[in-house]
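Undergrad: The structure's right below; bear with me while I get my questions together.
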Amino acid sequence: MPADKKITDRIQTIANHLDPKKDEALEKSEWKDAILEIKRRQTQNRTADPTDRGYIRQKTTGKLWVRERIDGFVDKGSFLEVGSVAGKGKYNKDGSVESYTAANFVSGKATVEKRDVIVAADDFSIRGGHADGAVWGKSLYAEQLARKLKIPMVRLIDGSSGGGSVTLALDKGATILPPLIGMHDIIASLSEIPVCAAALGPAVGLGAARATLTHFSVVAANIGSLFSAGPPIVANATFETVTKESLGGPLIHTTNGTFDNVAASEEECFQQIRQFLSYMPTNNFQMPPYRPTADPVDRRDDALLDVIPKRRQRMYQVRDILTSVVDKDSWFEIGERWGEGAVCGLARINGYVVGIITFDCTLKGSVIAASSCHKFRRHIDLCDTFGIPIINFADYAGFAVGTVAEKEATIRYGSTLTAALYQCDVPYFSVVLRKVFGVAGAAFVDNRIPNMRVAWPSGDWGSLPLEGGIYAAYKRELDAAGENRNQLYEKIMAQFEAVRSPLRTAEIFDIPEIIDPRDTRPLLCEWVRMMYDHVLPQRLERTKLHGPRVLYRP
């Protein structure tokens, strides 16, 4: 559309809203002038100006305008704006308006799939999203309103959203101690309501904190980035020459856990947030939402019989197991690109929401690294905060060992993970797929009274992995065997193989059941139903009375 045509359309839009002939009652009112000025400002704020430098920059970089984002995310026609005329006005001596600039932060109440949410969106087209153009009270009010109404908070971040530009000091005539206005509410909300964020541009300073002080975050691959300070400040502080992408682009921050997920576009960001919220209760005083499913409870997938090879050194695809067991098309993975093999996500079983933790044995051989611990811990805390039962598909060879593991403080993070497993009190069920060894394995399958768990015939467990344990326990004999070392090792291994069968463990009732893998879904459907019928309602009442036992730690 030509620029002149866009300008004409915008003027006509504003004129249509201000035509007093369309409202005879307003024409007679003493408050006509005030109401028309309110409507004029609202219309100006809600109508894109194709000649504005900020708007042009937004479009030429391939980004949606702030109100296009809100319209694209929420249910059609559901957005009720709060602070619609907030901005910066300059006035003549006679009180008439000289100029008016809208705040660069748009917020309000809306619905997403017919459920109430608060949406807060940065407008990068005005002062590059700096907080000094935002009218700080709007951001604070949005956070407080979400917490008071106990409905989810969604942040669409595009700009610094922090202390603003250094030029602010010249305007004020002084520098200020940097405040964190509203941080008490932002932190407290994490233990009460679902909080999500999408990085749809640069998230810098406080904006970076707002993106990560969440339960779920997603970044748009083509336009999103995050950093504590931008390239100019980095160049001055560390003498590095960097771009926004090389400093804090999606490829960096989705592999270190700063962002949970990456999306190909802004629209996909919105879809991922919608999907995440579909598993969440509106707040921690409600049960996770149930959705009826046509997927049969008694569905048994024959492919599960052979998904895990009998030869223990061979790998398998754990996600094939997950998608076979849970309701069709319900698996939603969180943080796929980070965690060094840790697999976390949400799904439904017979329509009920569950959290899932497991390990991708094709990465690191099921050995748990420091980042794996951190990822598991965050997901366990998420499920604990919102009363979501956890299903653990166990395959854990233990914590990582060696110099790299020690330098990364793996056991410290492993201890934090262990504490999270024992402190959370949501229902927890383990399906042992293969390995359970050492402190790490024990923490995943021995954290409840009683432990509700079953195993597949492929289960393999012990205080240490048998192969390495033999070398440790029989070191002297093996060293003395000389060139017969391998033969002695195989002889010792054969002795242990006789008692290694999971059936031996079931005989002594250390594992309640060894099941046909095809029975996994029917068994879990029944377990989840019982948890939602008998256990979670009691837990919910305790939460209402005493609050959460453990506050959420992002």
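Just remember, in the structure tokens the first chain shown is A, the second B, etc., residues are 1-based per chain, and ligands are 1-based in the order shown.
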How would you write, as a list in words, the set of residues in region 370-471 of chain A that DSSP gives as strand (DSSP E)?

TA: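 Listing strand (DSSP E) positions across region 370-471 of chain A yields Ile390, Ile391, Asn392, Phe393, Ala394, Asp395, Tyr396, Gly398, Phe399, Tyr428, Phe429, Ser430, Val431, Val432, Leu433, Arg434, Lys435, Val436, Phe437, Met452, Arg453, Val454, Ala455, Asp460, Trp461 and Gly462 of chain A.
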
Undergrad: If you keep N, CA and C atoms, can you produce a file of those selected residues as a PDB file, in the first residue's frame?

TA:
ATOM      1  N   ILE A 390       3.940 -36.061  38.371  1.00  0.00           N
ATOM      2  CA  ILE A 390       5.154 -36.309  37.600  1.00  0.00           C
ATOM      3  C   ILE A 390       5.275 -37.789  37.276  1.00  0.00           C
ATOM      4  N   ILE A 391       5.557 -38.068  36.007  1.00  0.00           N
ATOM      5  CA  ILE A 391       5.867 -39.438  35.586  1.00  0.00           C
ATOM      6  C   ILE A 391       7.323 -39.465  35.140  1.00  0.00           C
ATOM      7  N   ASN A 392       8.080 -40.346  35.762  1.00  0.00           N
ATOM      8  CA  ASN A 392       9.512 -40.454  35.527  1.00  0.00           C
ATOM      9  C   ASN A 392       9.795 -41.717  34.721  1.00  0.00           C
ATOM     10  N   PHE A 393      10.230 -41.550  33.480  1.00  0.00           N
ATOM     11  CA  PHE A 393      10.664 -42.680  32.658  1.00  0.00           C
ATOM     12  C   PHE A 393      12.169 -42.829  32.872  1.00  0.00           C
ATOM     13  N   ALA A 394      12.548 -43.716  33.779  1.00  0.00           N
ATOM     14  CA  ALA A 394      13.899 -43.716  34.329  1.00  0.00           C
ATOM     15  C   ALA A 394      14.908 -44.424  33.434  1.00  0.00           C
ATOM     16  N   ASP A 395      15.986 -43.699  33.149  1.00  0.00           N
ATOM     17  CA  ASP A 395      17.180 -44.265  32.506  1.00  0.00           C
ATOM     18  C   ASP A 395      18.335 -43.350  32.881  1.00  0.00           C
ATOM     19  N   TYR A 396      18.949 -43.614  34.035  1.00  0.00           N
ATOM     20  CA  TYR A 396      19.977 -42.728  34.590  1.00  0.00           C
ATOM     21  C   TYR A 396      21.180 -43.558  35.024  1.00  0.00           C
ATOM     22  N   GLY A 398      23.817 -42.329  36.355  1.00  0.00           N
ATOM     23  CA  GLY A 398      24.501 -41.691  37.484  1.00  0.00           C
ATOM     24  C   GLY A 398      24.964 -40.289  37.121  1.00  0.00           C
ATOM     25  N   PHE A 399      25.526 -39.602  38.104  1.00  0.00           N
ATOM     26  CA  PHE A 399      26.077 -38.275  37.848  1.00  0.00           C
ATOM     27  C   PHE A 399      27.366 -38.392  37.053  1.00  0.00           C
ATOM     28  N   TYR A 428       3.944 -38.976  42.172  1.00  0.00           N
ATOM     29  CA  TYR A 428       5.155 -39.269  41.404  1.00  0.00           C
ATOM     30  C   TYR A 428       5.178 -40.763  41.102  1.00  0.00           C
ATOM     31  N   PHE A 429       5.377 -41.090  39.832  1.00  0.00           N
ATOM     32  CA  PHE A 429       5.383 -42.497  39.420  1.00  0.00           C
ATOM     33  C   PHE A 429       6.583 -42.736  38.509  1.00  0.00           C
ATOM     34  N   SER A 430       7.294 -43.850  38.745  1.00  0.00           N
ATOM     35  CA  SER A 430       8.471 -44.177  37.944  1.00  0.00           C
ATOM     36  C   SER A 430       8.221 -45.420  37.093  1.00  0.00           C
ATOM     37  N   VAL A 431       8.570 -45.303  35.824  1.00  0.00           N
ATOM     38  CA  VAL A 431       8.625 -46.443  34.916  1.00  0.00           C
ATOM     39  C   VAL A 431      10.093 -46.626  34.568  1.00  0.00           C
ATOM     40  N   VAL A 432      10.715 -47.663  35.086  1.00  0.00           N
ATOM     41  CA  VAL A 432      12.137 -47.876  34.848  1.00  0.00           C
ATOM     42  C   VAL A 432      12.321 -48.509  33.469  1.00  0.00           C
ATOM     43  N   LEU A 433      12.941 -47.762  32.582  1.00  0.00           N
ATOM     44  CA  LEU A 433      13.161 -48.235  31.218  1.00  0.00           C
ATOM     45  C   LEU A 433      14.438 -49.049  31.108  1.00  0.00           C
ATOM     46  N   ARG A 434      15.523 -48.518  31.706  1.00  0.00           N
ATOM     47  CA  ARG A 434      16.783 -49.229  31.601  1.00  0.00           C
ATOM     48  C   ARG A 434      17.631 -48.976  32.839  1.00  0.00           C
ATOM     49  N   LYS A 435      18.524 -47.997  32.835  1.00  0.00           N
ATOM     50  CA  LYS A 435      19.525 -47.852  33.888  1.00  0.00           C
ATOM     51  C   LYS A 435      19.014 -47.071  35.097  1.00  0.00           C
ATOM     52  N   VAL A 436      19.351 -47.564  36.283  1.00  0.00           N
ATOM     53  CA  VAL A 436      19.180 -46.816  37.528  1.00  0.00           C
ATOM     54  C   VAL A 436      20.388 -47.136  38.399  1.00  0.00           C
ATOM     55  N   PHE A 437      21.332 -46.219  38.460  1.00  0.00           N
ATOM     56  CA  PHE A 437      22.572 -46.488  39.191  1.00  0.00           C
ATOM     57  C   PHE A 437      22.944 -45.312  40.098  1.00  0.00           C
ATOM     58  N   MET A 452       5.965 -45.564  44.160  1.00  0.00           N
ATOM     59  CA  MET A 452       5.101 -46.179  43.140  1.00  0.00           C
ATOM     60  C   MET A 452       5.918 -46.305  41.870  1.00  0.00           C
ATOM     61  N   ARG A 453       6.255 -47.547  41.513  1.00  0.00           N
ATOM     62  CA  ARG A 453       7.154 -47.746  40.380  1.00  0.00           C
ATOM     63  C   ARG A 453       6.975 -49.138  39.796  1.00  0.00           C
ATOM     64  N   VAL A 454       7.227 -49.230  38.502  1.00  0.00           N
ATOM     65  CA  VAL A 454       7.276 -50.505  37.787  1.00  0.00           C
ATOM     66  C   VAL A 454       8.503 -50.452  36.884  1.00  0.00           C
ATOM     67  N   ALA A 455       8.829 -51.587  36.291  1.00  0.00           N
ATOM     68  CA  ALA A 455       9.976 -51.639  35.390  1.00  0.00           C
ATOM     69  C   ALA A 455       9.635 -52.432  34.145  1.00  0.00           C
ATOM     70  N   ASP A 460      17.898 -52.276  34.359  1.00  0.00           N
ATOM     71  CA  ASP A 460      19.266 -52.641  34.748  1.00  0.00           C
ATOM     72  C   ASP A 460      19.681 -51.678  35.850  1.00  0.00           C
ATOM     73  N   TRP A 461      19.989 -52.192  37.052  1.00  0.00           N
ATOM     74  CA  TRP A 461      20.206 -51.293  38.188  1.00  0.00           C
ATOM     75  C   TRP A 461      21.232 -51.846  39.160  1.00  0.00           C
ATOM     76  N   GLY A 462      21.624 -50.953  40.069  1.00  0.00           N
ATOM     77  CA  GLY A 462      22.587 -51.331  41.096  1.00  0.00           C
ATOM     78  C   GLY A 462      23.253 -50.100  41.676  1.00  0.00           C
TER      79      GLY A 462
END

Undergrad: Using only C-alpha atoms, find the one residue out of A:Leu206, A:Ala169, A:Leu524, A:Cys373 that sits nearest to Asp298 (chain A).

TA: A:Leu524

Undergrad: Compile the contact shell of region 500-509 of chain A as a PyMOL selection string: residues with an atom at most 10 Å away, counting only C-alpha atoms, same-chain residues fewer than 3 positions apart removed.

TA: chain A and resi 454-462+466+493-497+512-514

Undergrad: Could you work out how far CA of Ile126 (chain A) lies from CA of Lys59 (chain A), giving the answer in Å with one decimal?

TA: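 Going from CA of Lys59 (chain A) over to CA of Ile126 (chain A), I get 13.1 Å.
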
Undergrad: So which residues touch region 140-148 of chain A within 6 Å, counting only C-alpha atoms, skipping near sequence neighbours fewer than 4 positions away, as a ChimeraX atom specification?

TA: /A:118,153,182,189

Undergrad: As a PyMOL selection string, list the residues of region 344-429 of chain A assigned to helix (DSSP H, G or I) by DSSP on the backbone atoms of this structure.

TA: chain A and resi 364-366+370-385+403-407+410-423

Undergrad: Have a look at CA of Ala25 (chain A) and CA of Ala86 (chain A) and let me know their distance in Å, one decimal.

TA: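 CA of Ala25 (chain A) sits 26.3 Å away from CA of Ala86 (chain A).
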
Undergrad: So that I can check the surroundings of Ile492 (chain A), please list as a list in words every protein, DNA and RNA residue that reaches within 10 Å of it, counting only C-alpha atoms and ignoring chain neighbours fewer than 6 positions away.

TA: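 Counting only the stated atoms, we get Ile470, Tyr474 and Asn486 of chain A.
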
Undergrad: Using C-alpha atoms, can you write the selected residues to a file as a CSV table (one decimal), in the first residue's frame?

TA:
chain,number,residue,atom,x,y,z
A,470,ILE,CA,33.8,-55.0,38.3
A,474,TYR,CA,38.3,-56.9,41.2
A,486,ASN,CA,40.0,-60.2,29.5

Undergrad: Using only C-alpha atoms, which residues sit within 10 Å of Arg412 (chain A) once same-chain residues fewer than 6 positions away are excluded, as a PyMOL selection string?

TA: chain A and resi 370+373+406+418
